[in-house]
Structures are given as C-alpha cells and as structure tokens.
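Everything below concerns the one structure shown next.
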2 protein chains.
Amino acid sequence: MTVGVYGLGRFGRFWAELLAKKFDVVCTNRSPDKPTPAGARRCAPAELSRCDTVFLCTAISSIDAVTRELAPLLSPGTTVIDTCSVKVYPVRLMEKNLPSSIRLIASHPMFGPDSGRDGVESLPMIMWPVRCPGEVFLHWKNVFVSYGLDVVEMSPADHDEEAAFTQGITHLVGRVLKELGLKQSRIGTLGYRKILDVIEQTCNDPMQLFVDLQVHNPYTDRMRADFRSALSDVVRAIEDGKQTYDGPRAD
Amino acid sequence: MTVGVYGLGRFGRFWAELLAKKFDVVCTNRSPDKPTPAGARRCAPAELSRCDTVFLCTAISSIDAVTRELAPLLSPGTTVIDTCSVKVYPVRLMEKNLPSSIRLIASHPMFGPDSGRDGVESLPMIMWPVRCPGEVFLHWKNVFVSYGLDVVEMSPADHDEEAAFTQGITHLVGRVLKELGLKQSRIGTLGYRKILDVIEQTCNDPMQLFVDLQVHNPYTDRMRADFRSALSDVVRAIEDGKQTYDGPRAD
C-alpha cells in the first residue's frame, strides 16, 4: 500500500516520517525548498494518483486550493485524510471539492514534532468517517491504534466546540501573555512558572496556525466572547473591592 | 527569644508552626474560632508586649486596623515583620501607625501551606529593612536562610512592580479561566493541562486575597491595562485574518 503526504511543513515532515515506519510513503510539496522526510520518497503532485490513501498536511487556509488541485489528479477509490487542527471547515471543503468517488476521513492528530519528539504512545488522535466504507475507516483507526495512539471518534462539530475551549483558549491566552513580554523571575511563584509554560507550549507554532485556528473554527468566536466577558466580571470584582476598602492607597 | 504571630488564618497557622520549630511562639487572632497551631501557645493580643518580634499574618486589608490596635500594646524596641503579598501599602501603614520605637521589617514569604507542604527549602522569600538596625535585619535574614529559603532583598516598590507582572497576572488569568468553567478533556493538549494547572494554583486561595492583591498593589492597574491592550492586539490580528482569508466559512 502506497501512502501519499501532501505538504512538507513542520507537521507534514514529522507525519511522513511516522507513516514511513509502516508504509511505502511518497510525498510532495508546492514549493521545492522543503527537505524530503527520512524514509519517504519525493514525487510530483500528479504521482499521488498512484496512492491508495493521501494525507493532507497543508495549512488550514490552503485546503480549498489544495483540494481543487487534487480533484482531477486522484484515482477513484482513493482515501483522502486531512490532519487539520479544525475539522468543520476542511471537511466541508473536501466534500465540496473532491469527487464522490474519493473516500474521506477527517483526522486531527493532537500532537506534533514537539510533543511527539519522544514517541507518540498514548497521545490523542481524533478521527471521523466523513464519506467512506466502515472497513476503510476501521483499517486506518487500527493503524493508529497500532502506533499506540489514543484514537477518539468525534464528529467535526463536537471536535471544534471542544477544541475551541481547550486548544483554542490555550493559544489565545498564550499569545496574549507573549505580547506582554513576561520574563523569568526569581520571585516567580509556581503558578507563574505554569504561565511561562503556556507561552512556551503555544508560541513556537507559526502565527499563521494561531490565526487559522481562531478564524476557521466556528466556535472560537463564542470562546473569545466568553473570555472577554469573564475578564470584565473579574475586573468588576476588583473595582468593587476598591470601593469597599476605601482605605489609604499605596499611590 | 519569644516570637509572636498575629493572625491565624491559613497562612498564619502555617507560619506559626514553621517558626515554632526554632522559637518559643505565642499567637493570637481577632476571632477565637481558629485552632492553635502545633507547637505554639495561644495568648491575648496584650501579651504580644512580651515578644521581641511580632509577625503580622492578617489580611492585607486589615493591616490598618491591626497596626492601630498594636501601637499602644507593643514594647519599645519590638520588631514587627509583616508577611503581606504586597509591600508598599502595608509598609506605609506600619510606618504611619506604629511608634518610631518599633523596628520594622517588610517580608513576603512567596509560598504557603500548599506550595510549602513538603518543606520550604529553596522557596523564595523577599525581605527589606524598613526601619531597623542592620544587625536586627541580618539576624532575621540569617534565620530564614537557615530554613533553606532563598532570601531576596528587594524594596517594596520593586517587589510590587515585579509581583504585579508575575503573581498578579497569574492570579488574574487564573480567575478569568476559572469563570469559564473549563474542564478536563480527553482531547486536551499539553498546553491545556498547564492552563488547568494555573487555575488549580490560583483559585484555592480566598477571593478576598485575590482582590486585596489587585487593589493594594499600585502596579496592578498598569498590569491589567497592559493585559487588556494585549488581548485587543491579538483579537485584532484574528479579525485581520478573517478579512484576508475571505474563503468559505464553517458557519
């Protein structure tokens, strides 16, 4: 079985190397400047027609263009599996742009080259059979289980709602804290060290991914509104506190 | 040497038990309902006149009333050391309300019954000689060094500015996230687990302490303004991203 990988950014390279441990992997990228992942073979986009399965590892915002490009190239019966960090948006585009003879699975491996550096055992991966026979979905589910992954079946809408209030809020807070230019401090509490960890965990990824995650997840608008509203509530409690104490102030 | 502790809340009890490992400790509290810490002896406020040193372990917002109450009770030459999580505000009140015959040291042990549960070795403690002979300050500094603490000399203003942007921002973020009712999630990323840790580290303390920290630190106004401004910048980048992509939306 030949497996294709389209997109050789940071995640695509990591993903192709992981797949190459069990499959014959060919890979391609729009611009030629990306190195070929270890264990995989470089190909032109047209050669993806020979693959049984093609993984999409491109930016969320490029899924529209990439699926349009692939539509006339892929052979009927090919399974296309996206790996985007949002699900509703790319699923709609795959359904719209790829012919009905193409099977579709949605996936979100919730890890990458940083968190999966020392192995992917027990890390979570979301999967959903968008348009494909049960046995094809089961085959790929079993493949990822065999990697030791914690495979969770979840619909694109459920995924996006839960991701908005877990990954989405984490990245929002991380970016805001990063803007403040916080530094290590000798008087930093244990909680403050966790704050620095959040920045570390969220701001190594490109800004493009952050914006894509916020823009292309339909639930992040509500998450951001809830966050601003919670901030206002907390600030109001502080203002009320100022009124109540009314003692001498430091300044 | 007899050491007094005024205030037997969660921190005062912890502090009295720590001091009782090396000193004869007497302790008092406004309301009689608090239990007496292990190794310490209960006394009436007036008995603090027999102490060489008195630690104030009361709420930040009660320092004004407590110092007024102690002023006529303490013997000349007594050293008063506060333990508040802000420093400019209680230092001004101690200087104003306690007679010049009382020696003053500002301190902030940056830990408590949670973070110091398994020992206080290498935890940070801020100290500053507000109004006292060098040898008295050095004595107490050496006492805390002998407990294994990382004693840092820092002026009240420097402390408050640095604390606003470390402890203050950590608690602000923790309270806002707490308001959102976030839960454990099977699809939570490593970064999200750090977010849950921040809530855990900040929301066990009483709301009163949170409000006091924000109200009585003159630098937290700027910290909160900076935080809101950073949030606006990040939201603006997301709105710009929405304009640029202009592709099909999930909803």
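Residue numbers start at 1 in each chain; chains themselves are named A, B, ... in the order of the structure tokens; ligands are numbered from 1 in the order shown.
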For a quick test of understanding: name the residues of chain A lying within 6 Å of chain B when counting only C-alpha atoms, and present them as JSON, numbers by chain. {"A": [89, 166, 170, 176, 179, 188, 191, 192, 194, 198, 201, 211, 215, 218, 230, 231, 238, 242, 250]}
I need the residues of stretch 3-227 of chain A that end up classed as strand (DSSP E or B) by DSSP on the backbone, written out as a ChimeraX atom specification. /A:3-6,24-28,41-42,53-56,79-82,103-109,124-131,150-153
Okay, now the selection with N, CA and C atoms, as an mmCIF file, in the first residue's frame?
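Output file selection_21.cif is given in full below:
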data_model
loop_
_atom_site.group_PDB
_atom_site.id
_atom_site.type_symbol
_atom_site.label_atom_id
_atom_site.label_comp_id
_atom_site.auth_asym_id
_atom_site.auth_seq_id
_atom_site.Cartn_x
_atom_site.Cartn_y
_atom_site.Cartn_z
ATOM 1 N N VAL A 3 1.220 5.215 0.400
ATOM 2 C CA VAL A 3 0.546 6.311 1.094
ATOM 3 C C VAL A 3 1.195 7.624 0.674
ATOM 4 N N GLY A 4 0.371 8.613 0.334
ATOM 5 C CA GLY A 4 0.901 9.915 -0.062
ATOM 6 C C GLY A 4 0.745 10.937 1.040
ATOM 7 N N VAL A 5 1.674 11.878 1.078
ATOM 8 C CA VAL A 5 1.580 13.008 2.018
ATOM 9 C C VAL A 5 1.723 14.286 1.207
ATOM 10 N N TYR A 6 0.718 15.153 1.275
ATOM 11 C CA TYR A 6 0.774 16.434 0.569
ATOM 12 C C TYR A 6 1.026 17.521 1.610
ATOM 13 N N ASP A 24 4.969 2.388 2.529
ATOM 14 C CA ASP A 24 5.729 2.992 1.444
ATOM 15 C C ASP A 24 5.153 4.403 1.258
ATOM 16 N N VAL A 25 5.936 5.418 1.558
ATOM 17 C CA VAL A 25 5.408 6.793 1.563
ATOM 18 C C VAL A 25 6.012 7.638 0.447
ATOM 19 N N VAL A 26 5.139 8.278 -0.353
ATOM 20 C CA VAL A 26 5.599 9.295 -1.293
ATOM 21 C C VAL A 26 5.052 10.634 -0.808
ATOM 22 N N CYS A 27 5.807 11.703 -1.085
ATOM 23 C CA CYS A 27 5.385 12.989 -0.542
ATOM 24 C C CYS A 27 5.675 14.121 -1.510
ATOM 25 N N THR A 28 4.885 15.176 -1.370
ATOM 26 C CA THR A 28 5.066 16.304 -2.284
ATOM 27 C C THR A 28 4.760 17.602 -1.545
ATOM 28 N N ARG A 41 9.778 9.032 -0.159
ATOM 29 C CA ARG A 41 10.286 9.317 -1.496
ATOM 30 C C ARG A 41 9.564 10.550 -2.015
ATOM 31 N N ARG A 42 10.297 11.466 -2.646
ATOM 32 C CA ARG A 42 9.699 12.697 -3.176
ATOM 33 C C ARG A 42 8.976 12.392 -4.482
ATOM 34 N N THR A 53 -4.076 6.005 -0.401
ATOM 35 C CA THR A 53 -4.501 6.980 0.611
ATOM 36 C C THR A 53 -3.586 8.196 0.536
ATOM 37 N N VAL A 54 -4.172 9.382 0.661
ATOM 38 C CA VAL A 54 -3.387 10.617 0.650
ATOM 39 C C VAL A 54 -3.726 11.425 1.902
ATOM 40 N N PHE A 55 -2.695 11.773 2.676
ATOM 41 C CA PHE A 55 -2.870 12.639 3.844
ATOM 42 C C PHE A 55 -2.610 14.090 3.446
ATOM 43 N N LEU A 56 -3.509 14.973 3.876
ATOM 44 C CA LEU A 56 -3.305 16.402 3.638
ATOM 45 C C LEU A 56 -2.674 17.024 4.878
ATOM 46 N N THR A 79 -8.524 7.193 -0.735
ATOM 47 C CA THR A 79 -8.982 7.750 0.543
ATOM 48 C C THR A 79 -8.155 8.997 0.861
ATOM 49 N N VAL A 80 -8.829 10.116 1.100
ATOM 50 C CA VAL A 80 -8.134 11.352 1.489
ATOM 51 C C VAL A 80 -8.409 11.606 2.975
ATOM 52 N N ILE A 81 -7.341 11.810 3.724
ATOM 53 C CA ILE A 81 -7.456 12.059 5.171
ATOM 54 C C ILE A 81 -6.775 13.381 5.486
ATOM 55 N N ASP A 82 -7.536 14.348 5.962
ATOM 56 C CA ASP A 82 -6.889 15.610 6.345
ATOM 57 C C ASP A 82 -6.392 15.507 7.785
ATOM 58 N N ARG A 103 -12.929 8.737 -1.180
ATOM 59 C CA ARG A 103 -13.363 8.486 0.200
ATOM 60 C C ARG A 103 -12.724 9.519 1.132
ATOM 61 N N LEU A 104 -13.470 9.910 2.137
ATOM 62 C CA LEU A 104 -12.983 10.993 3.010
ATOM 63 C C LEU A 104 -13.011 10.591 4.489
ATOM 64 N N ILE A 105 -11.890 10.815 5.157
ATOM 65 C CA ILE A 105 -11.806 10.657 6.613
ATOM 66 C C ILE A 105 -11.255 11.966 7.181
ATOM 67 N N ALA A 106 -11.852 12.440 8.277
ATOM 68 C CA ALA A 106 -11.318 13.618 8.966
ATOM 69 C C ALA A 106 -10.447 13.132 10.122
ATOM 70 N N SER A 107 -9.296 13.765 10.308
ATOM 71 C CA SER A 107 -8.469 13.385 11.470
ATOM 72 C C SER A 107 -7.801 14.616 12.064
ATOM 73 N N HIS A 108 -7.511 14.539 13.338
ATOM 74 C CA HIS A 108 -6.708 15.570 13.990
ATOM 75 C C HIS A 108 -5.754 14.896 14.964
ATOM 76 N N PRO A 109 -4.527 14.641 14.491
ATOM 77 C CA PRO A 109 -3.512 14.131 15.422
ATOM 78 C C PRO A 109 -3.163 15.274 16.380
ATOM 79 N N PRO A 124 -3.393 11.738 22.044
ATOM 80 C CA PRO A 124 -4.740 11.640 21.445
ATOM 81 C C PRO A 124 -4.780 11.958 19.950
ATOM 82 N N MET A 125 -5.630 11.209 19.230
ATOM 83 C CA MET A 125 -5.880 11.484 17.805
ATOM 84 C C MET A 125 -7.382 11.356 17.551
ATOM 85 N N ILE A 126 -7.966 12.419 16.989
ATOM 86 C CA ILE A 126 -9.399 12.425 16.681
ATOM 87 C C ILE A 126 -9.610 11.885 15.265
ATOM 88 N N MET A 127 -10.627 11.041 15.065
ATOM 89 C CA MET A 127 -10.948 10.546 13.716
ATOM 90 C C MET A 127 -12.466 10.552 13.523
ATOM 91 N N TRP A 128 -12.875 10.713 12.242
ATOM 92 C CA TRP A 128 -14.313 10.683 11.909
ATOM 93 C C TRP A 128 -14.492 10.230 10.455
ATOM 94 N N PRO A 129 -15.386 9.244 10.219
ATOM 95 C CA PRO A 129 -15.625 8.765 8.854
ATOM 96 C C PRO A 129 -16.586 9.710 8.128
ATOM 97 N N VAL A 130 -16.043 10.593 7.310
ATOM 98 C CA VAL A 130 -16.878 11.599 6.651
ATOM 99 C C VAL A 130 -17.672 10.971 5.506
ATOM 100 N N ARG A 131 -16.962 10.203 4.681
ATOM 101 C CA ARG A 131 -17.595 9.609 3.485
ATOM 102 C C ARG A 131 -16.735 8.419 3.089
ATOM 103 N N ASP A 150 -4.088 7.205 21.261
ATOM 104 C CA ASP A 150 -5.402 7.149 21.906
ATOM 105 C C ASP A 150 -6.416 7.713 20.910
ATOM 106 N N VAL A 151 -6.984 6.830 20.057
ATOM 107 C CA VAL A 151 -7.883 7.282 18.990
ATOM 108 C C VAL A 151 -9.289 7.550 19.552
ATOM 109 N N VAL A 152 -9.781 8.766 19.315
ATOM 110 C CA VAL A 152 -11.096 9.183 19.797
ATOM 111 C C VAL A 152 -11.972 9.487 18.581
ATOM 112 N N GLU A 153 -13.142 8.816 18.472
ATOM 113 C CA GLU A 153 -14.070 9.148 17.383
ATOM 114 C C GLU A 153 -14.939 10.308 17.828
#
Closest of A:Asn97, A:Ser155, A:Ser146, A:Thr36 to A:Glu121 - atom-to-atom distances counting only C-alpha atoms: A:Ser146
Give me every alpha helix (DSSP H) residue in stretch 66-243 of chain A, going by DSSP on the backbone, as a VMD selection string. chain A and resid 66 to 70 88 to 97 134 to 146 156 to 163 169 to 179 190 to 202 207 to 215 220 to 243
Restricting it to C-alpha atoms, dump the selection as a tab-separated table (two decimals), in the first residue's frame.
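The resulting file, again_10.tsv, is shown below:
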chain	number	residue	atom	x	y	z
A	66	VAL	CA	-5.20	22.04	-2.42
A	67	THR	CA	-8.43	20.03	-2.74
A	68	ARG	CA	-9.26	21.81	-6.02
A	69	GLU	CA	-5.78	20.96	-7.32
A	70	LEU	CA	-6.06	17.30	-6.27
A	88	VAL	CA	-15.81	21.50	10.24
A	89	TYR	CA	-14.15	23.83	7.75
A	90	PRO	CA	-11.80	21.39	5.92
A	91	VAL	CA	-14.46	18.64	5.92
A	92	ARG	CA	-16.90	20.92	4.07
A	93	LEU	CA	-14.24	21.80	1.50
A	94	MET	CA	-13.20	18.16	0.95
A	95	GLU	CA	-16.85	17.20	0.44
A	96	LYS	CA	-17.39	20.10	-1.93
A	97	ASN	CA	-14.16	19.98	-3.97
A	134	GLY	CA	-16.80	1.26	7.52
A	135	GLU	CA	-13.95	-1.15	6.80
A	136	VAL	CA	-11.74	1.59	5.35
A	137	PHE	CA	-12.27	3.73	8.44
A	138	LEU	CA	-11.65	0.75	10.72
A	139	HIS	CA	-8.45	-0.09	8.84
A	140	TRP	CA	-6.99	3.38	9.47
A	141	LYS	CA	-8.27	3.50	13.01
A	142	ASN	CA	-6.46	0.22	13.71
A	143	VAL	CA	-3.30	1.55	12.09
A	144	PHE	CA	-3.21	4.47	14.52
A	145	VAL	CA	-4.11	2.28	17.47
A	146	SER	CA	-1.13	0.12	16.48
A	156	PRO	CA	-16.25	17.60	13.28
A	157	ALA	CA	-18.71	19.91	15.11
A	158	ASP	CA	-18.10	18.26	18.51
A	159	HIS	CA	-14.36	18.41	17.90
A	160	ASP	CA	-14.40	22.11	17.02
A	161	GLU	CA	-16.53	23.06	20.01
A	162	GLU	CA	-14.34	21.13	22.48
A	163	ALA	CA	-11.12	22.29	20.76
A	169	ILE	CA	-8.32	29.16	24.64
A	170	THR	CA	-4.83	27.90	25.48
A	171	HIS	CA	-3.41	29.51	22.36
A	172	LEU	CA	-5.38	32.73	22.91
A	173	VAL	CA	-4.02	33.07	26.45
A	174	GLY	CA	-0.51	32.10	25.31
A	175	ARG	CA	-0.44	34.77	22.59
A	176	VAL	CA	-1.78	37.47	24.92
A	177	LEU	CA	0.81	36.62	27.59
A	178	LYS	CA	3.55	36.54	24.93
A	179	GLU	CA	2.59	40.10	23.89
A	190	LEU	CA	4.86	28.05	41.00
A	191	GLY	CA	1.69	29.29	39.25
A	192	TYR	CA	3.77	31.87	37.35
A	193	ARG	CA	6.05	29.13	36.07
A	194	LYS	CA	2.94	27.41	34.63
A	195	ILE	CA	2.08	30.70	32.88
A	196	LEU	CA	5.55	30.73	31.28
A	197	ASP	CA	4.98	27.06	30.28
A	198	VAL	CA	1.75	28.04	28.48
A	199	ILE	CA	3.65	30.65	26.43
A	200	GLU	CA	6.34	28.07	25.63
A	201	GLN	CA	3.73	25.49	24.55
A	202	THR	CA	1.81	27.83	22.26
A	207	MET	CA	1.36	32.88	13.91
A	208	GLN	CA	-0.42	31.65	10.75
A	209	LEU	CA	-1.53	28.48	12.56
A	210	PHE	CA	-2.81	30.52	15.50
A	211	VAL	CA	-4.87	32.81	13.27
A	212	ASP	CA	-6.14	29.84	11.20
A	213	LEU	CA	-7.25	28.03	14.35
A	214	GLN	CA	-9.18	31.07	15.54
A	215	VAL	CA	-10.64	32.06	12.17
A	220	THR	CA	-13.85	30.33	18.77
A	221	ASP	CA	-15.96	33.50	18.36
A	222	ARG	CA	-18.04	32.35	21.33
A	223	MET	CA	-14.93	31.30	23.27
A	224	ARG	CA	-13.34	34.74	22.79
A	225	ALA	CA	-16.59	36.49	23.73
A	226	ASP	CA	-16.84	34.32	26.87
A	227	PHE	CA	-13.21	35.11	27.72
A	228	ARG	CA	-13.75	38.88	27.41
A	229	SER	CA	-16.92	38.65	29.45
A	230	ALA	CA	-15.14	36.65	32.20
A	231	LEU	CA	-12.32	39.23	32.21
A	232	SER	CA	-14.89	42.02	32.63
A	233	ASP	CA	-16.54	40.16	35.53
A	234	VAL	CA	-13.21	39.73	37.31
A	235	VAL	CA	-12.20	43.36	36.72
A	236	ARG	CA	-15.59	44.45	38.06
A	237	ALA	CA	-14.98	42.44	41.27
A	238	ILE	CA	-11.66	44.29	41.64
A	239	GLU	CA	-13.31	47.68	41.09
A	240	ASP	CA	-15.96	46.77	43.70
A	241	GLY	CA	-13.13	45.82	46.06
A	242	LYS	CA	-11.55	49.25	45.57
A	243	GLN	CA	-14.82	50.93	46.62
Residue with smallest distance to A:Cys203 - pool A:Ile102, A:Asp114, A:Ala16, A:Cys57, counting only C-alpha atoms: A:Asp114
